[in-house]
Structures are given as structure tokens and as C-alpha cells.
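J.: Please find one structure pasted underneath; my questions will follow.
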Amino acid sequence: MQLQVQSFLYTVDRISTWTGKATSWLNVFLMLLICVEVFKRYILNAPTAWIFDISNMVYGTVFMMGGAYALAQNAHVRGDFLYSNMKPRTQAAFDFVLYFVLFIPGIMALMYAGYEYAGDAWRIQEHSNTTSNGPPVYHFKTVIPIAGTLIMMQGLSEIVRCVVCLKTGEWPPRLKDAQEIDVIEEQLANSEYVDEDTRRMALERVQSIDEVAKQRGMSGGAK
């Protein structure tokens, strides 16, 4: 049963991580878009009227679709002055209550409103009114309910994590993603002036600092 629960948690983490990373490639497109527009505006003196709308839609998509990924990696900002000093079971109890009181109602409202906005936009083939003959926005508004669904799915996974922690007293592990510690390890591995013992001690120290920071700043920080 425990393996099945952990498998479920990892599956949801993988979905959130994949969608977040896939959407992050839009940042490259956004950068190129802005660079082209700067060149056209200041070099060719031929600015594009709809660039503001497109850049807003691309950035908004990255922001919305990254929500589930941030939740999966415990990267959302939290005020943790008291929370960080609580025992895992107490943290899980607080999280469990707040997920039902705040998270689920808020995300359900986002999903419902987003579905209505997207439906209306598709029915009238809505275009931006920022400029004359602005670009279509109905496809962009469709992102709202999709992002809400992904965040809700990850939130339900977080509730399961709270239940596991309440039973065991420890936060279940999360799916690992790229971290700064990987960069440190790579740099130490390529150094000609660091012996094996020094390298091992440095990595252990970095891991210790990383774990302490996660325990203080995020619930479920155990990796």
C-alpha cells in the first residue's frame, strides 16, 4: 500500500514537472520575440502593433502553467517564521487544514471561472481590444482552466502527502529535479586540485545545508 501511494505521488510529480519544463521553452520564444521587436522598432523604425498582446499571452501562459510545477517542487513562497520550527506532523496538520479551507475552494473557483471565460471567448472568437484588429485570445484563455486542473491535481497529491506525514511523522520524498548542488558536484568532479576526501566532505556539507534550508522553508522537504 505504501509503495502504491508513493508511486501515485511520483506520477503526479512527473506530470507537473513535465508540463512545467515543457512550458518553460516558451521563455526562449518570448526572448526571441522581444529581440526581433526591439530590432524592428529601433533599427528599422517599424514597430509591431500586436507585440504587447502576444508577449503578455506568452508570459501569462508560462506563469499559469508553471504553478503545478512550483507546487510539486515546493517552490511557492511561504511565510515560515513559525512553520519552520514545527514538527513534521504539526506542519502536515496545518497544511491539511489550509488545503481544504483555502486551496481547494480557490482553485475550484479558478477552474470554474476559467472554464466560463474560455467558453465565452471561443463562442465569440474573442480578439484583443488593446489594438485595432488585435490577435485572438480565446486560445490563451483556455490555459486558465487547464492550469487550474493541473494545480488541483498536484494539490490533491499534496493532501495525500499530509496524510502520510500525519501517520508516519515524516514527509514522503518528492521527485528530484535539477538543483544547484548538481552544479557544485560537477565543478568539484572536474577540479584537478581537490582530492576525493575533500570532494566528499564538501558535497556532504552542501547536502546538509540544502536539507536544513528545505526543512525550514518548505513542507515535505525530505528528498
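Ordered as shown in the C-alpha cells, chains take letters A, B, and onward, while each chain numbers its residues from 1 and ligands are numbered from 1 in the order shown.
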Among range 1-221 of chain A, which ones does DSSP assign to alpha helix (DSSP H) (computed from the backbone)? Answer as a ChimeraX atom specification.
T.: /A:2-24,26-42,51-65,67-72,88-98,104-123,138-141,143-168,180-189,196-217
J.: May I have the residues within 9 Å of Met108 in chain A as a ChimeraX atom specification, using only C-alpha atoms and disregarding those fewer than 5 positions away in the same chain?
T.: /A:103,113,148-149,152
J.: Just N, CA and C atoms for this one: save the residues we selected as a PDB file, in the first residue's frame.
T.:
ATOM      1  N   PHE A 103      -7.006  26.364  -0.333  1.00  0.00           N
ATOM      2  CA  PHE A 103      -6.503  25.917  -1.641  1.00  0.00           C
ATOM      3  C   PHE A 103      -7.623  25.370  -2.529  1.00  0.00           C
ATOM      4  N   ALA A 113     -14.291  29.664 -13.141  1.00  0.00           N
ATOM      5  CA  ALA A 113     -14.267  30.945 -13.844  1.00  0.00           C
ATOM      6  C   ALA A 113     -13.484  30.840 -15.146  1.00  0.00           C
ATOM      7  N   GLY A 148      -5.485  25.421 -13.936  1.00  0.00           N
ATOM      8  CA  GLY A 148      -6.195  25.152 -12.694  1.00  0.00           C
ATOM      9  C   GLY A 148      -6.341  23.667 -12.424  1.00  0.00           C
ATOM     10  N   THR A 149      -6.616  22.892 -13.471  1.00  0.00           N
ATOM     11  CA  THR A 149      -6.742  21.438 -13.317  1.00  0.00           C
ATOM     12  C   THR A 149      -5.419  20.810 -12.885  1.00  0.00           C
ATOM     13  N   MET A 152      -4.771  21.718  -9.248  1.00  0.00           N
ATOM     14  CA  MET A 152      -5.656  20.945  -8.386  1.00  0.00           C
ATOM     15  C   MET A 152      -5.161  19.517  -8.227  1.00  0.00           C
TER      16      MET A 152
END
J.: Write out as JSON, numbers by chain each polymer residue whose atoms come within 7 Å of Cys162 in chain A, counting only C-alpha atoms; drop sequence neighbours fewer than 6 positions from it.
T.: {"A": [92, 95, 96]}
J.: Nearest to Cys165 in chain A among A:Leu102, A:Leu33, A:Ala93, A:Ala68, with distances taken over only C-alpha atoms: which residue is it?
T.: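 Result for the nearest residue to Cys165 in chain A: A:Ala93.
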J.: Skipping near chain neighbours, those fewer than 6 positions away, what residues fall within 9 Å of Trp50 in chain A using only C-alpha atoms, listed as a PyMOL selection string?
T.: chain A and resi 128+130-135
